[in-house]
$ cat target36.pdb   # PDB, C-alpha atoms, pLDDT in the B column
MODEL        1
ATOM      1  CA  MET A   1     269.313  34.708  86.203  1.00 67.00           C
ATOM      2  CA  ARG A   2     271.164  32.610  88.752  1.00 71.00           C
ATOM      3  CA  SER A   3     274.740  33.253  89.774  1.00 91.00           C
ATOM      4  CA  ASP A   4     275.354  29.505  90.266  1.00 96.00           C
ATOM      5  CA  SER A   5     277.607  27.987  87.630  1.00 98.00           C
ATOM      6  CA  ILE A   6     279.599  24.997  86.489  1.00 98.00           C
ATOM      7  CA  THR A   7     282.909  25.664  84.763  1.00 98.00           C
ATOM      8  CA  LEU A   8     284.958  23.332  82.594  1.00 98.00           C
ATOM      9  CA  THR A   9     288.429  24.719  81.891  1.00 98.00           C
ATOM     10  CA  GLY A  10     291.028  23.485  79.456  1.00 98.00           C
ATOM     11  CA  LEU A  11     289.115  20.828  77.551  1.00 98.00           C
ATOM     12  CA  ARG A  12     291.477  19.695  74.801  1.00 98.00           C
ATOM     13  CA  VAL A  13     290.518  18.372  71.405  1.00 98.00           C
ATOM     14  CA  ASN A  14     292.359  17.811  68.147  1.00 97.00           C
ATOM     15  CA  ALA A  15     290.276  18.976  65.201  1.00 97.00           C
ATOM     16  CA  HIS A  16     290.585  20.134  61.595  1.00 97.00           C
ATOM     17  CA  HIS A  17     289.098  23.640  61.701  1.00 96.00           C
ATOM     18  CA  GLY A  18     290.697  26.522  59.862  1.00 95.00           C
ATOM     19  CA  VAL A  19     290.687  28.658  56.766  1.00 95.00           C
ATOM     20  CA  TYR A  20     293.848  27.136  55.284  1.00 91.00           C
ATOM     21  CA  ASP A  21     294.102  23.767  53.545  1.00 93.00           C
ATOM     22  CA  PHE A  22     296.981  22.648  55.781  1.00 93.00           C
ATOM     23  CA  GLU A  23     294.836  23.256  58.890  1.00 92.00           C
ATOM     24  CA  ARG A  24     292.113  21.051  57.453  1.00 94.00           C
ATOM     25  CA  GLU A  25     294.592  18.355  56.432  1.00 94.00           C
ATOM     26  CA  ASN A  26     296.834  18.232  59.508  1.00 95.00           C
ATOM     27  CA  GLY A  27     294.500  19.311  62.280  1.00 94.00           C
ATOM     28  CA  GLN A  28     295.614  21.043  65.456  1.00 96.00           C
ATOM     29  CA  ASP A  29     294.781  21.292  69.130  1.00 97.00           C
ATOM     30  CA  PHE A  30     291.980  23.485  70.396  1.00 98.00           C
ATOM     31  CA  VAL A  31     291.338  24.287  74.052  1.00 98.00           C
ATOM     32  CA  ILE A  32     287.821  25.008  75.266  1.00 98.00           C
ATOM     33  CA  ASP A  33     286.537  26.692  78.408  1.00 98.00           C
ATOM     34  CA  VAL A  34     282.826  26.602  79.216  1.00 98.00           C
ATOM     35  CA  THR A  35     280.856  28.183  82.037  1.00 98.00           C
ATOM     36  CA  VAL A  36     277.164  27.370  82.287  1.00 98.00           C
ATOM     37  CA  TRP A  37     274.844  29.221  84.636  1.00 97.00           C
ATOM     38  CA  LEU A  38     272.028  27.241  86.232  1.00 97.00           C
ATOM     39  CA  ASP A  39     270.184  26.753  89.500  1.00 95.00           C
ATOM     40  CA  LEU A  40     272.221  24.419  91.701  1.00 96.00           C
ATOM     41  CA  GLN A  41     270.010  24.649  94.797  1.00 95.00           C
ATOM     42  CA  ARG A  42     267.888  21.566  94.024  1.00 92.00           C
ATOM     43  CA  ALA A  43     270.939  19.463  93.230  1.00 92.00           C
ATOM     44  CA  ALA A  44     272.656  20.548  96.432  1.00 94.00           C
ATOM     45  CA  ALA A  45     269.555  19.937  98.557  1.00 95.00           C
ATOM     46  CA  SER A  46     268.857  16.502  97.082  1.00 95.00           C
ATOM     47  CA  ASP A  47     272.479  15.434  96.456  1.00 94.00           C
ATOM     48  CA  ASP A  48     271.148  14.101  93.133  1.00 93.00           C
ATOM     49  CA  VAL A  49     273.169  14.487  89.940  1.00 93.00           C
ATOM     50  CA  ALA A  50     269.934  14.306  87.929  1.00 91.00           C
ATOM     51  CA  GLN A  51     269.047  17.748  89.330  1.00 92.00           C
ATOM     52  CA  THR A  52     272.035  19.420  87.672  1.00 95.00           C
ATOM     53  CA  ILE A  53     274.077  19.108  84.476  1.00 97.00           C
ATOM     54  CA  HIS A  54     276.492  16.194  84.758  1.00 97.00           C
ATOM     55  CA  TYR A  55     279.806  17.878  84.036  1.00 97.00           C
ATOM     56  CA  GLY A  56     281.486  14.664  82.884  1.00 97.00           C
ATOM     57  CA  GLU A  57     278.815  14.134  80.249  1.00 98.00           C
ATOM     58  CA  LEU A  58     278.898  17.823  79.343  1.00 98.00           C
ATOM     59  CA  ALA A  59     282.659  17.629  78.767  1.00 98.00           C
ATOM     60  CA  VAL A  60     282.159  14.784  76.287  1.00 98.00           C
ATOM     61  CA  GLU A  61     279.328  16.657  74.511  1.00 98.00           C
ATOM     62  CA  VAL A  62     281.432  19.816  74.216  1.00 98.00           C
ATOM     63  CA  THR A  63     284.507  18.050  72.886  1.00 98.00           C
ATOM     64  CA  ASP A  64     282.423  16.002  70.446  1.00 98.00           C
ATOM     65  CA  ALA A  65     280.835  19.219  69.144  1.00 98.00           C
ATOM     66  CA  ALA A  66     284.293  20.746  68.672  1.00 98.00           C
ATOM     67  CA  ARG A  67     285.900  17.674  67.123  1.00 96.00           C
ATOM     68  CA  HIS A  68     283.503  16.946  64.261  1.00 94.00           C
ATOM     69  CA  ASN A  69     282.374  18.713  61.081  1.00 96.00           C
ATOM     70  CA  PRO A  70     285.308  21.017  60.301  1.00 97.00           C
ATOM     71  CA  VAL A  71     284.559  24.703  59.705  1.00 97.00           C
ATOM     72  CA  ASP A  72     286.667  27.719  58.820  1.00 97.00           C
ATOM     73  CA  LEU A  73     286.165  29.820  61.956  1.00 97.00           C
ATOM     74  CA  ILE A  74     286.511  29.153  65.660  1.00 97.00           C
ATOM     75  CA  GLU A  75     283.612  31.576  66.039  1.00 98.00           C
ATOM     76  CA  THR A  76     281.444  28.908  64.402  1.00 98.00           C
ATOM     77  CA  VAL A  77     282.830  26.251  66.745  1.00 98.00           C
ATOM     78  CA  ALA A  78     281.984  28.450  69.746  1.00 98.00           C
ATOM     79  CA  GLU A  79     278.382  28.907  68.551  1.00 98.00           C
ATOM     80  CA  ARG A  80     278.031  25.159  68.041  1.00 98.00           C
ATOM     81  CA  ILE A  81     279.264  24.476  71.574  1.00 98.00           C
ATOM     82  CA  ALA A  82     276.936  27.105  73.047  1.00 98.00           C
ATOM     83  CA  ALA A  83     273.970  25.424  71.350  1.00 98.00           C
ATOM     84  CA  VAL A  84     274.974  22.037  72.793  1.00 98.00           C
ATOM     85  CA  VAL A  85     275.166  23.477  76.309  1.00 98.00           C
ATOM     86  CA  LEU A  86     271.892  25.408  76.038  1.00 98.00           C
ATOM     87  CA  ALA A  87     270.145  22.235  74.869  1.00 97.00           C
ATOM     88  CA  HIS A  88     270.200  21.207  78.538  1.00 97.00           C
ATOM     89  CA  ASP A  89     266.952  22.316  80.154  1.00 95.00           C
ATOM     90  CA  ALA A  90     268.778  23.488  83.286  1.00 95.00           C
ATOM     91  CA  ALA A  91     271.155  25.790  81.376  1.00 97.00           C
ATOM     92  CA  GLU A  92     270.189  29.466  81.505  1.00 97.00           C
ATOM     93  CA  LYS A  93     273.337  31.091  80.104  1.00 98.00           C
ATOM     94  CA  VAL A  94     276.681  29.926  78.736  1.00 98.00           C
ATOM     95  CA  GLN A  95     280.081  31.444  78.120  1.00 98.00           C
ATOM     96  CA  VAL A  96     282.298  29.604  75.654  1.00 98.00           C
ATOM     97  CA  THR A  97     285.948  30.337  74.924  1.00 98.00           C
ATOM     98  CA  VAL A  98     287.671  28.504  72.089  1.00 98.00           C
ATOM     99  CA  HIS A  99     291.459  28.816  72.129  1.00 98.00           C
ATOM    100  CA  LYS A 100     293.568  28.113  69.062  1.00 97.00           C
ATOM    101  CA  PRO A 101     297.113  28.046  70.460  1.00 96.00           C
ATOM    102  CA  GLN A 102     298.647  26.756  67.202  1.00 95.00           C
ATOM    103  CA  ALA A 103     296.946  29.322  64.953  1.00 95.00           C
ATOM    104  CA  PRO A 104     298.924  30.256  61.844  1.00 94.00           C
ATOM    105  CA  ILE A 105     300.066  33.671  63.042  1.00 95.00           C
ATOM    106  CA  SER A 106     303.415  34.968  61.782  1.00 95.00           C
ATOM    107  CA  VAL A 107     304.486  36.679  65.018  1.00 97.00           C
ATOM    108  CA  PRO A 108     305.239  35.065  68.387  1.00 95.00           C
ATOM    109  CA  PHE A 109     302.115  34.638  70.514  1.00 96.00           C
ATOM    110  CA  THR A 110     300.851  32.605  73.426  1.00 95.00           C
ATOM    111  CA  ASP A 111     297.224  32.127  72.464  1.00 96.00           C
ATOM    112  CA  VAL A 112     294.367  33.368  70.347  1.00 97.00           C
ATOM    113  CA  ALA A 113     290.772  32.810  71.385  1.00 98.00           C
ATOM    114  CA  VAL A 114     287.203  33.821  70.760  1.00 98.00           C
ATOM    115  CA  GLN A 115     284.706  34.133  73.575  1.00 98.00           C
ATOM    116  CA  ILE A 116     280.919  34.298  73.329  1.00 98.00           C
ATOM    117  CA  VAL A 117     278.100  34.547  75.837  1.00 98.00           C
ATOM    118  CA  ARG A 118     274.651  33.232  74.974  1.00 98.00           C
ATOM    119  CA  THR A 119     271.409  32.966  76.915  1.00 97.00           C
ATOM    120  CA  ARG A 120     268.425  30.743  76.472  1.00 89.00           C
ATOM    121  CA  ALA A 121     266.045  32.230  73.898  1.00 78.00           C
TER     122      ALA A 121
ENDMDL
END

$ encode --input "target36.pdb" --output "structure tokens"
Amino acid sequence: MRSDSITLTGLRVNAHHGVYDFERENGQDFVIDVTVWLDLQRAAASDDVAQTIHYGELAVEVTDAARHNPVDLIETVAERIAAVVLAHDAAEKVQVTVHKPQAPISVPFTDVAVQIVRTRA
């Protein structure tokens, strides 16, 4: 496993995930952090974006995966995002954090998030 990685932090998307009807109806903001581990040596040596994962395209793929097909749990959203990242041949491992800063929690809070780590099967 390589220690090289690409990290996307603070990707924002408005989506309609949640257990409650009002979450599904109104939607809310979600914030996503993704780190993908891969070998960056070939990309660095060749200076060729085709030898890595294009982080601009990855950002769009991740936010699209989070935006569509509402589900109850952010755990499910995190798994979906991990699968999208690991679909890239170069990806060896991924860490996904899905933040739900507007979660319906009755006490003051700054953030709630789930974090998963997955490796290529």

$ closest_residue --input "target36.pdb" --among "A:Asp21, A:Asp64, A:Asp33, A:Asp39" --to "Lys93 of chain A" --atoms "all atoms listed in the file"
A:Asp39

$ resolve_selection --input "target36.pdb" --expression "the PyMOL selection byres ((chain A and resi 73) around 10)" --output "short mmCIF file (atom, residue, chain, number, x, y, z; two decimals) with C-alpha atoms, in the coordinates of the input"
data_model
loop_
_atom_site.label_atom_id
_atom_site.label_comp_id
_atom_site.auth_asym_id
_atom_site.auth_seq_id
_atom_site.Cartn_x
_atom_site.Cartn_y
_atom_site.Cartn_z
CA HIS A 17 289.10 23.64 61.70
CA GLY A 18 290.70 26.52 59.86
CA VAL A 19 290.69 28.66 56.77
CA PRO A 70 285.31 21.02 60.30
CA VAL A 71 284.56 24.70 59.70
CA ASP A 72 286.67 27.72 58.82
CA ILE A 74 286.51 29.15 65.66
CA GLU A 75 283.61 31.58 66.04
CA THR A 76 281.44 28.91 64.40
CA VAL A 77 282.83 26.25 66.74
CA ALA A 78 281.98 28.45 69.75
CA VAL A 114 287.20 33.82 70.76
#

$ residues_around --input "target36.pdb" --residues "Arg120 of chain A" --least-positions-apart "5" --cutoff "10 Å" --atoms "all atoms listed in the file" --output "ChimeraX atom specification"
/A:82-83,85-94

$ resolve_selection --input "target36.pdb" --expression "the PyMOL selection byres ((chain A and resi 15) around 6)" --output "MDAnalysis selection string"
chainID A and resid 14 16:17 27:28 67

$ closest_residue --input "target36.pdb" --among "A:His99, A:Leu58, A:Val84, A:Thr119" --to "Gly10 of chain A" --atoms "all atoms listed in the file"
A:His99

$ closest_residue --input "target36.pdb" --among "A:Leu11, A:Ile6, A:Ile53, A:Val60" --to "Thr35 of chain A" --atoms "all atoms listed in the file"
A:Ile6

$ atom_distance --input "target36.pdb" --atom1 "atom CA of Ser46 of chain A" --atom2 "atom CA of Asp4 of chain A"
16.1 Å

$ closest_residue --input "target36.pdb" --among "A:Leu8, A:Val31, A:Ile81, A:Ala43" --to "Gly56 of chain A" --atoms "all atoms listed in the file"
A:Leu8

$ closest_residue --input "target36.pdb" --among "A:Arg118, A:Pro101, A:Arg12, A:Arg42" --to "Arg80 of chain A" --atoms "all atoms listed in the file"
A:Arg118

$ closest_residue --input "target36.pdb" --among "A:Phe30, A:Trp37, A:Glu61, A:Ala66" --to "Asp111 of chain A" --atoms "all atoms listed in the file"
A:Phe30

$ atom_distance --input "target36.pdb" --atom1 "atom CA of Val34 of chain A" --atom2 "atom CA of Pro104 of chain A"
24.0 Å

$ atom_distance --input "target36.pdb" --atom1 "atom CA of Val49 of chain A" --atom2 "atom CA of Val13 of chain A"
25.7 Å

$ axis_aligned_box --input "target36.pdb" --around "segment 1-6 of chain A" --padding-each-side "4 Å" --output "lines of an AutoDock Vina configuration file"
center_x = 274.5
center_y = 29.9
center_z = 88.2
size_x = 18.3
size_y = 17.7
size_z = 12.1

$ residues_around --input "target36.pdb" --residues "Thr110 of chain A" --least-positions-apart "5" --cutoff "10 Å" --atoms "all atoms listed in the file" --output "PyMOL selection string"
chain A and resi 100-103

$ build_atoms --input "target36.pdb" --residues "segment 46-78 of chain A" --atoms "N, CA and C atoms" --output "short mmCIF file (atom, residue, chain, number, x, y, z; two decimals), in the coordinates of the input"
data_model
loop_
_atom_site.label_atom_id
_atom_site.label_comp_id
_atom_site.auth_asym_id
_atom_site.auth_seq_id
_atom_site.Cartn_x
_atom_site.Cartn_y
_atom_site.Cartn_z
N SER A 46 269.21 17.91 97.26
CA SER A 46 268.86 16.50 97.08
C SER A 46 270.08 15.60 96.96
N ASP A 47 271.25 16.19 96.71
CA ASP A 47 272.48 15.43 96.46
C ASP A 47 272.28 14.46 95.29
N ASP A 48 271.54 14.93 94.27
CA ASP A 48 271.15 14.10 93.13
C ASP A 48 271.69 14.71 91.85
N VAL A 49 272.56 13.99 91.17
CA VAL A 49 273.17 14.49 89.94
C VAL A 49 272.13 14.74 88.85
N ALA A 50 270.99 14.09 88.92
CA ALA A 50 269.93 14.31 87.93
C ALA A 50 269.32 15.70 88.04
N GLN A 51 269.59 16.41 89.12
CA GLN A 51 269.05 17.75 89.33
C GLN A 51 270.00 18.85 88.85
N THR A 52 271.05 18.46 88.18
CA THR A 52 272.04 19.42 87.67
C THR A 52 272.44 18.99 86.26
N ILE A 53 273.49 19.57 85.74
CA ILE A 53 274.08 19.11 84.48
C ILE A 53 275.32 18.31 84.85
N HIS A 54 275.36 17.08 84.45
CA HIS A 54 276.49 16.19 84.76
C HIS A 54 277.71 16.71 84.01
N TYR A 55 278.70 17.23 84.73
CA TYR A 55 279.81 17.88 84.04
C TYR A 55 280.69 16.91 83.27
N GLY A 56 280.74 15.65 83.66
CA GLY A 56 281.49 14.66 82.88
C GLY A 56 280.85 14.43 81.53
N GLU A 57 279.53 14.30 81.52
CA GLU A 57 278.82 14.13 80.25
C GLU A 57 278.89 15.40 79.41
N LEU A 58 278.80 16.56 80.06
CA LEU A 58 278.90 17.82 79.34
C LEU A 58 280.26 17.96 78.66
N ALA A 59 281.31 17.55 79.34
CA ALA A 59 282.66 17.63 78.77
C ALA A 59 282.75 16.81 77.48
N VAL A 60 282.15 15.63 77.49
CA VAL A 60 282.16 14.78 76.29
C VAL A 60 281.34 15.45 75.18
N GLU A 61 280.17 15.99 75.51
CA GLU A 61 279.33 16.66 74.51
C GLU A 61 280.05 17.84 73.88
N VAL A 62 280.72 18.63 74.70
CA VAL A 62 281.43 19.82 74.22
C VAL A 62 282.58 19.41 73.30
N THR A 63 283.37 18.45 73.72
CA THR A 63 284.51 18.05 72.89
C THR A 63 284.05 17.36 71.60
N ASP A 64 282.97 16.60 71.68
CA ASP A 64 282.42 16.00 70.45
C ASP A 64 281.97 17.09 69.48
N ALA A 65 281.31 18.12 70.00
CA ALA A 65 280.83 19.22 69.14
C ALA A 65 282.01 19.94 68.50
N ALA A 66 283.12 20.05 69.21
CA ALA A 66 284.29 20.75 68.67
C ALA A 66 285.09 19.87 67.70
N ARG A 67 285.06 18.59 67.89
CA ARG A 67 285.90 17.67 67.12
C ARG A 67 285.39 17.43 65.71
N HIS A 68 284.09 17.40 65.52
CA HIS A 68 283.50 16.95 64.26
C HIS A 68 283.10 18.10 63.35
N ASN A 69 282.87 17.78 62.09
CA ASN A 69 282.37 18.71 61.08
C ASN A 69 283.23 19.98 60.98
N PRO A 70 284.39 19.88 60.39
CA PRO A 70 285.31 21.02 60.30
C PRO A 70 284.67 22.26 59.66
N VAL A 71 285.02 23.41 60.21
CA VAL A 71 284.56 24.70 59.70
C VAL A 71 285.76 25.63 59.61
N ASP A 72 285.57 26.76 58.97
CA ASP A 72 286.67 27.72 58.82
C ASP A 72 286.99 28.45 60.12
N LEU A 73 285.98 28.87 60.85
CA LEU A 73 286.17 29.82 61.96
C LEU A 73 285.93 29.20 63.33
N ILE A 74 286.76 29.60 64.29
CA ILE A 74 286.51 29.15 65.66
C ILE A 74 285.28 29.85 66.24
N GLU A 75 284.87 30.94 65.64
CA GLU A 75 283.61 31.58 66.04
C GLU A 75 282.43 30.62 65.82
N THR A 76 282.49 29.89 64.71
CA THR A 76 281.44 28.91 64.40
C THR A 76 281.49 27.76 65.39
N VAL A 77 282.68 27.32 65.75
CA VAL A 77 282.83 26.25 66.74
C VAL A 77 282.24 26.70 68.09
N ALA A 78 282.51 27.93 68.48
CA ALA A 78 281.98 28.45 69.75
C ALA A 78 280.46 28.47 69.75
#
